[in-house]
file start_4.txt (compact mmCIF, C-alpha atoms and all ligand atoms)
# COMPACT_ATOMS: atom_id res chain seq x y z
CA MET Q 298 -4.36 14.10 14.78
CA GLN Q 299 -3.91 11.47 12.15
CA ARG Q 300 -6.64 8.97 11.36
CA SER Q 301 -5.42 5.57 10.31
CA LEU Q 302 -7.37 2.54 9.26
CA ARG Q 303 -6.21 -0.91 10.37
CA VAL Q 304 -7.22 -4.28 9.08
CA VAL Q 305 -5.90 -7.83 9.27
CA THR Q 306 -6.00 -10.01 6.15
CA ARG Q 307 -5.84 -13.78 6.56
CA SER Q 308 -4.67 -14.83 3.09
CA PRO Q 309 -2.99 -13.42 -0.03
CA GLU Q 310 -6.41 -13.41 -1.65
CA GLU Q 311 -7.78 -11.11 1.05
CA THR Q 312 -4.85 -8.74 0.52
CA ARG Q 313 -5.57 -8.75 -3.22
CA ILE Q 314 -9.19 -7.90 -2.49
CA LEU Q 315 -8.01 -5.00 -0.37
CA GLY Q 316 -5.81 -3.73 -3.20
CA ALA Q 317 -8.70 -4.11 -5.62
CA SER Q 318 -10.95 -2.13 -3.28
CA LEU Q 319 -8.66 0.85 -3.48
CA ALA Q 320 -8.77 0.94 -7.28
CA PRO Q 321 -12.16 2.69 -7.71
CA VAL Q 322 -11.06 5.76 -5.73
CA LEU Q 323 -7.71 6.18 -7.50
CA LEU Q 324 -7.08 8.92 -10.03
CA PRO Q 325 -4.07 9.89 -12.14
CA GLY Q 326 -1.52 11.69 -10.01
CA ASP Q 327 -2.24 9.60 -6.91
CA VAL Q 328 0.79 8.27 -5.05
CA LEU Q 329 0.88 5.20 -2.79
CA SER Q 330 3.83 4.36 -0.59
CA LEU Q 331 4.02 0.76 0.68
CA SER Q 332 6.21 -0.16 3.64
CA GLY Q 333 6.93 -3.55 5.15
CA ASP Q 334 9.62 -6.21 5.19
CA LEU Q 335 10.23 -8.70 2.41
CA GLY Q 336 7.23 -11.00 2.18
CA ALA Q 337 4.91 -8.59 3.96
CA GLY Q 338 2.60 -8.63 0.95
CA LYS Q 339 3.33 -5.32 -0.79
CA THR Q 340 3.45 -6.87 -4.25
CA VAL Q 341 0.37 -9.00 -3.58
CA PHE Q 342 -1.49 -5.80 -2.70
CA VAL Q 343 -0.31 -4.13 -5.92
CA GLN Q 344 -1.43 -7.20 -7.91
CA GLY Q 345 -4.99 -6.78 -6.66
CA LEU Q 346 -4.88 -3.07 -7.34
CA ALA Q 347 -3.44 -3.38 -10.85
CA THR Q 348 -5.87 -6.12 -11.87
CA ALA Q 349 -8.79 -4.01 -10.70
CA LEU Q 350 -7.43 -1.14 -12.80
CA GLY Q 351 -7.55 -3.39 -15.85
CA VAL Q 352 -3.95 -4.62 -16.03
CA THR Q 353 -3.89 -8.08 -17.60
CA GLY Q 354 -0.17 -8.91 -17.58
CA ARG Q 355 1.94 -10.20 -14.72
CA VAL Q 356 2.64 -7.88 -11.80
CA THR Q 357 5.88 -8.58 -9.93
CA SER Q 358 8.24 -6.56 -7.73
CA PRO Q 359 10.48 -4.37 -9.88
CA THR Q 360 13.28 -5.13 -7.43
CA PHE Q 361 16.09 -5.18 -9.98
CA THR Q 362 14.72 -2.81 -12.56
CA ILE Q 363 13.31 -0.20 -10.13
CA LEU Q 364 10.31 0.48 -12.36
CA HIS Q 365 7.57 -1.54 -13.99
CA GLU Q 366 5.01 0.31 -16.04
CA TYR Q 367 1.58 -1.12 -16.75
CA GLU Q 368 -1.28 0.05 -18.89
CA GLY Q 369 -4.61 -0.15 -17.14
CA ARG Q 370 -7.42 2.35 -16.92
CA TYR Q 371 -4.52 4.71 -16.24
CA PRO Q 372 -0.81 4.15 -16.62
CA ILE Q 373 0.59 2.61 -13.44
CA MET Q 374 4.16 3.23 -12.37
CA HIS Q 375 5.21 0.44 -10.01
CA LEU Q 376 8.48 1.26 -8.27
CA ASP Q 377 10.58 -0.75 -5.85
CA VAL Q 378 13.37 1.25 -4.27
CA TYR Q 379 14.69 -1.60 -2.09
CA ARG Q 380 17.98 -1.89 -3.92
CA LEU Q 381 18.77 1.77 -4.04
CA ASP Q 382 21.14 2.01 -1.15
CA SER Q 383 22.01 5.64 -1.24
CA PHE Q 384 19.74 8.59 -1.33
CA GLN Q 385 22.06 10.12 -3.91
CA GLU Q 386 21.47 7.15 -6.19
CA ILE Q 387 17.76 7.89 -6.04
CA LEU Q 388 18.31 11.55 -6.85
CA ASP Q 389 20.67 10.61 -9.70
CA LEU Q 390 17.89 8.52 -11.21
CA GLY Q 391 15.79 11.65 -11.51
CA PHE Q 392 13.30 10.18 -9.09
CA GLU Q 393 10.83 13.09 -9.31
CA GLU Q 394 10.28 12.25 -12.96
CA PHE Q 395 8.47 9.10 -11.90
CA PHE Q 396 5.66 11.25 -10.50
CA ASP Q 397 3.86 11.48 -13.80
CA PRO Q 398 0.56 13.32 -13.21
CA ARG Q 399 -1.11 11.06 -15.80
CA ALA Q 400 -0.19 7.93 -13.86
CA VAL Q 401 -0.98 6.24 -10.59
CA VAL Q 402 2.35 5.81 -8.81
CA VAL Q 403 2.93 2.92 -6.40
CA ILE Q 404 6.23 2.67 -4.52
CA GLU Q 405 7.38 -0.40 -2.60
CA TRP Q 406 9.69 0.52 0.30
CA GLY Q 407 8.44 4.08 -0.12
CA GLU Q 408 9.61 5.06 3.36
CA ALA Q 409 13.14 5.15 1.94
CA VAL Q 410 12.18 8.08 -0.24
CA GLU Q 411 9.74 9.76 2.12
CA GLN Q 412 11.37 13.18 1.70
CA LEU Q 413 10.77 13.01 -2.04
CA LEU Q 414 7.09 12.11 -1.83
CA PRO Q 415 4.44 14.72 -2.53
CA ARG Q 416 2.63 16.31 0.39
CA ARG Q 417 -0.49 14.25 -0.22
CA TYR Q 418 -0.14 10.52 -0.55
CA LEU Q 419 -1.34 7.30 0.97
CA ARG Q 420 1.05 5.43 3.18
CA ILE Q 421 0.31 1.74 3.59
CA GLU Q 422 2.20 -0.22 6.24
CA MET Q 423 2.17 -4.02 6.12
CA ARG Q 424 3.58 -6.58 8.49
CA ARG Q 425 3.18 -10.09 9.75
CA THR Q 426 1.33 -10.29 13.06
CA GLU Q 427 3.05 -11.56 16.20
CA ASP Q 428 0.87 -14.66 16.25
CA PRO Q 429 3.17 -17.60 15.36
CA GLU Q 430 0.12 -19.77 14.61
CA ALA Q 431 -1.13 -17.38 11.95
CA ASP Q 432 1.51 -17.41 9.22
CA ASP Q 433 -0.80 -15.88 6.66
CA ASP Q 434 -2.07 -13.02 8.79
CA ARG Q 435 -0.96 -9.56 7.77
CA LEU Q 436 -1.65 -6.35 9.64
CA ILE Q 437 -2.23 -3.55 7.18
CA VAL Q 438 -2.45 0.08 8.27
CA PHE Q 439 -3.57 2.82 5.91
CA LYS Q 440 -2.23 6.25 6.83
CA PRO Q 441 -3.72 8.99 4.72
CA ARG Q 442 -1.63 12.12 4.26
CA GLY Q 443 -4.08 14.85 3.33
CA GLU Q 444 -7.88 15.11 3.67
CA ASP Q 445 -8.46 13.76 0.16
CA TRP Q 446 -6.86 10.53 1.20
CA VAL Q 447 -8.96 10.26 4.35
CA ARG Q 448 -12.02 10.31 2.12
CA LYS Q 449 -10.57 7.86 -0.37
CA VAL Q 450 -9.56 5.42 2.35
CA LEU Q 451 -13.07 5.43 3.79
CA GLY Q 452 -14.39 4.68 0.30
CA MET Q 453 -11.97 1.80 0.04
CA ARG Q 454 -13.12 0.46 3.38
CA ASP Q 455 -16.77 0.27 2.31
CA THR Q 456 -15.85 -1.59 -0.87
CA ALA Q 457 -13.47 -3.90 0.97
CA GLU Q 458 -16.03 -4.79 3.66
CA ALA Q 459 -18.48 -5.84 0.98
CA LEU Q 460 -15.96 -7.81 -1.10
CA LEU Q 461 -14.32 -9.50 1.89
CA ASP Q 462 -17.70 -10.48 3.33
CA ALA Q 463 -18.62 -11.98 -0.01
CA ALA Q 464 -15.31 -13.87 -0.21
CA SER Q 465 -15.34 -15.20 3.37
CA PRO Q 466 -18.88 -14.89 4.74
CA ASP Q 467 -18.03 -16.99 7.82
CA GLN Q 468 -15.87 -14.18 9.17
CA SER Q 469 -18.35 -11.37 8.74
CA THR Q 470 -18.93 -10.45 12.36
CA GLY Q 471 -18.97 -6.67 12.40
CA SER Q 472 -16.36 -4.48 10.77
CA ARG Q 473 -12.92 -5.88 10.00
CA PHE Q 474 -11.53 -2.37 10.04
CA GLU Q 475 -10.55 -0.27 12.99
CA VAL Q 476 -10.08 3.48 12.89
CA VAL Q 477 -7.11 4.64 14.91
CA ALA Q 478 -6.58 8.29 15.75
CA GLY Q 479 -3.18 9.13 17.08
CA PRO Q 480 0.15 10.76 16.51
CA ARG Q 481 1.97 9.93 13.30
CA GLY Q 482 3.76 6.69 13.10
CA ASP Q 483 2.92 5.02 16.41
CA GLU Q 484 -0.33 3.26 15.67
CA THR Q 485 0.99 -0.17 14.79
CA ARG Q 486 3.22 -0.31 17.86
CA ARG Q 487 0.61 0.82 20.34
CA LYS Q 488 -1.89 -1.87 19.43
CA GLU Q 489 0.56 -4.70 19.96
CA ALA Q 490 1.94 -3.48 23.25
P1 LIG Q 501 6.64 -8.03 -0.58
O1 LIG Q 501 6.35 -7.40 -1.90
O2 LIG Q 501 6.16 -7.23 0.58
O3 LIG Q 501 8.08 -8.42 -0.41
P2 LIG Q 501 5.10 -10.23 -1.62
O4 LIG Q 501 3.76 -9.64 -1.87
O5 LIG Q 501 6.00 -10.44 -2.79
O6 LIG Q 501 5.83 -9.40 -0.47
O7 LIG Q 501 4.94 -11.64 -0.93
C1 LIG Q 501 4.08 -11.90 0.12
C2 LIG Q 501 4.11 -13.40 0.37
O8 LIG Q 501 3.36 -13.74 1.53
C3 LIG Q 501 3.51 -14.19 -0.79
O9 LIG Q 501 4.23 -15.38 -0.94
C4 LIG Q 501 2.10 -14.47 -0.30
O10 LIG Q 501 1.58 -15.65 -0.86
C5 LIG Q 501 2.33 -14.65 1.19
N1 LIG Q 501 1.17 -14.29 2.03
C6 LIG Q 501 0.65 -15.07 3.01
N2 LIG Q 501 -0.38 -14.48 3.62
C7 LIG Q 501 -0.54 -13.27 3.01
C8 LIG Q 501 -1.45 -12.19 3.21
N3 LIG Q 501 -2.39 -12.20 4.19
N4 LIG Q 501 -1.31 -11.11 2.43
C9 LIG Q 501 -0.34 -11.06 1.48
N5 LIG Q 501 0.54 -12.05 1.23
C10 LIG Q 501 0.45 -13.15 2.00
MG MG Q 502 7.55 -6.74 -3.46

call {"tool": "encode", "arguments": {"input": "start_4.txt", "output": "structure tokens"}}
result
Amino acid sequence: MQRSLRVVTRSPEETRILGASLAPVLLPGDVLSLSGDLGAGKTVFVQGLATALGVTGRVTSPTFTILHEYEGRYPIMHLDVYRLDSFQEILDLGFEEFFDPRAVVVIEWGEAVEQLLPRRYLRIEMRRTEDPEADDDRLIVFKPRGEDWVRKVLGMRDTAEALLDAASPDQSTGSRFEVVAGPRGDETRRKEA
């Protein structure tokens, strides 16, 4: 059984708050894999995360350069593997060398390199919702791989509930998060069926 945590954000700011809420539980060596189409909000999430880790410069998708490195509380390796169209190209880059144990590693389009990810990591899936009226809604599903990540994700949830309630008190009716237990990979589909 795999426990996932689902939440819908209603603005870029809410997604940044979510990213920021993950920061306190992160440690060097942690790996995050972000999936979702262009415009899903992967980079916005990383912006919130990086800022909360003390990064002061601009955080943008390293789409053309593959890697951006920031100095925060820890070094942050921000990868975007969108443009790597062959697996061989990724291997040729020496991809494993990006997994610096002193750094927090964040990979946009991480599903493309899933076989190269460590056994324990946090998968974060982002997508627009089906609601055509709600252009700024994003469904975000956290899928912890490994017990450590289950614990960290629950820590993130508590922080995020508090920060999101403070940011938009009008919406604070119960928990925004939903825990989903189910087989790997199917959670986002099932809910929308
Ligand atoms: P990606 O890195 O997944 O391609 P970006 O983070 O660069 O996507 O862009 C997401 C875009 O969607 C931004 O223009 C952002 O302002 C917009 N947006 C609208 N609503 C949201 C939301 N709830 N969360 C994140 N981004 C949102
Ligand atoms: Mg991006």

call {"tool": "atom_distance", "arguments": {"input": "start_4.txt", "atom1": "CA of Gln344 in chain Q", "atom2": "CA of Glu366 in chain Q"}}
result
12.8 Å

call {"tool": "residues_near_ligand", "arguments": {"input": "start_4.txt", "ligand": "ligand LIG 501 (chain Q)", "cutoff": "10 Å", "atoms": "only C-alpha atoms and all ligand atoms", "output": "PyMOL selection string"}}
result
chain Q and resi 305-315+331-344+356-360+377+379+405-406+422-426+431-437

call {"tool": "closest_residue", "arguments": {"input": "start_4.txt", "among": "Q:Val410, Q:Leu419, Q:Leu324, Q:Val438", "to": "Pro398 in chain Q", "atoms": "only C-alpha atoms"}}
result
Q:Leu324

call {"tool": "atom_distance", "arguments": {"input": "start_4.txt", "atom1": "CA of Ile421 in chain Q", "atom2": "CA of Arg355 in chain Q"}}
result
21.9 Å

call {"tool": "atom_distance", "arguments": {"input": "start_4.txt", "atom1": "CA of Gly407 in chain Q", "atom2": "CA of Glu368 in chain Q"}}
result
21.5 Å

call {"tool": "closest_residue", "arguments": {"input": "start_4.txt", "among": "Q:Phe396, Q:Tyr367, Q:Trp446, Q:Tyr418", "to": "Thr353 in chain Q", "atoms": "all atoms listed in the file"}}
result
Q:Tyr367

call {"tool": "residues_near_point", "arguments": {"input": "start_4.txt", "point": "(-14.4, 2.3, -1.9)", "cutoff": "9 Å", "atoms": "all atoms listed in the file", "output": "list in words"}}
result
Ser318, Leu319, Ala320, Pro321, Val322, Lys449, Val450, Leu451, Gly452, Met453, Arg454, Asp455, Thr456 and Ala457 of chain Q

call {"tool": "residues_around", "arguments": {"input": "start_4.txt", "residues": "Ser301 in chain Q", "least_positions_apart": "2", "cutoff": "6 Å", "atoms": "only C-alpha atoms", "output": "ChimeraX atom specification"}}
result
/Q:439-440,476-477

call {"tool": "closest_residue", "arguments": {"input": "start_4.txt", "among": "Q:Ser465, Q:Val304, Q:Gly354, Q:Ile404", "to": "ligand MG 502 (chain Q)", "atoms": "only C-alpha atoms and all ligand atoms"}}
result
Q:Ile404

call {"tool": "closest_residue", "arguments": {"input": "start_4.txt", "among": "Q:Val352, Q:Val403, Q:Ala317, Q:Ile373", "to": "ligand MG 502 (chain Q)", "atoms": "all atoms listed in the file"}}
result
Q:Val403

call {"tool": "residues_around", "arguments": {"input": "start_4.txt", "residues": "Ala400 in chain Q", "least_positions_apart": "6", "cutoff": "9 Å", "atoms": "all atoms listed in the file", "output": "list in words"}}
result
Leu324, Pro325, Gly326, Asp327, Val328, Tyr371, Pro372, Ile373 and Met374 of chain Q

call {"tool": "closest_residue", "arguments": {"input": "start_4.txt", "among": "Q:Arg380, Q:Glu386, Q:Arg399, Q:Ala464", "to": "ligand MG 502 (chain Q)", "atoms": "only C-alpha atoms and all ligand atoms"}}
result
Q:Arg380

call {"tool": "closest_residue", "arguments": {"input": "start_4.txt", "among": "Q:Leu376, Q:Ala459, Q:Ala478, Q:Leu390", "to": "ligand MG 502 (chain Q)", "atoms": "only C-alpha atoms and all ligand atoms"}}
result
Q:Leu376
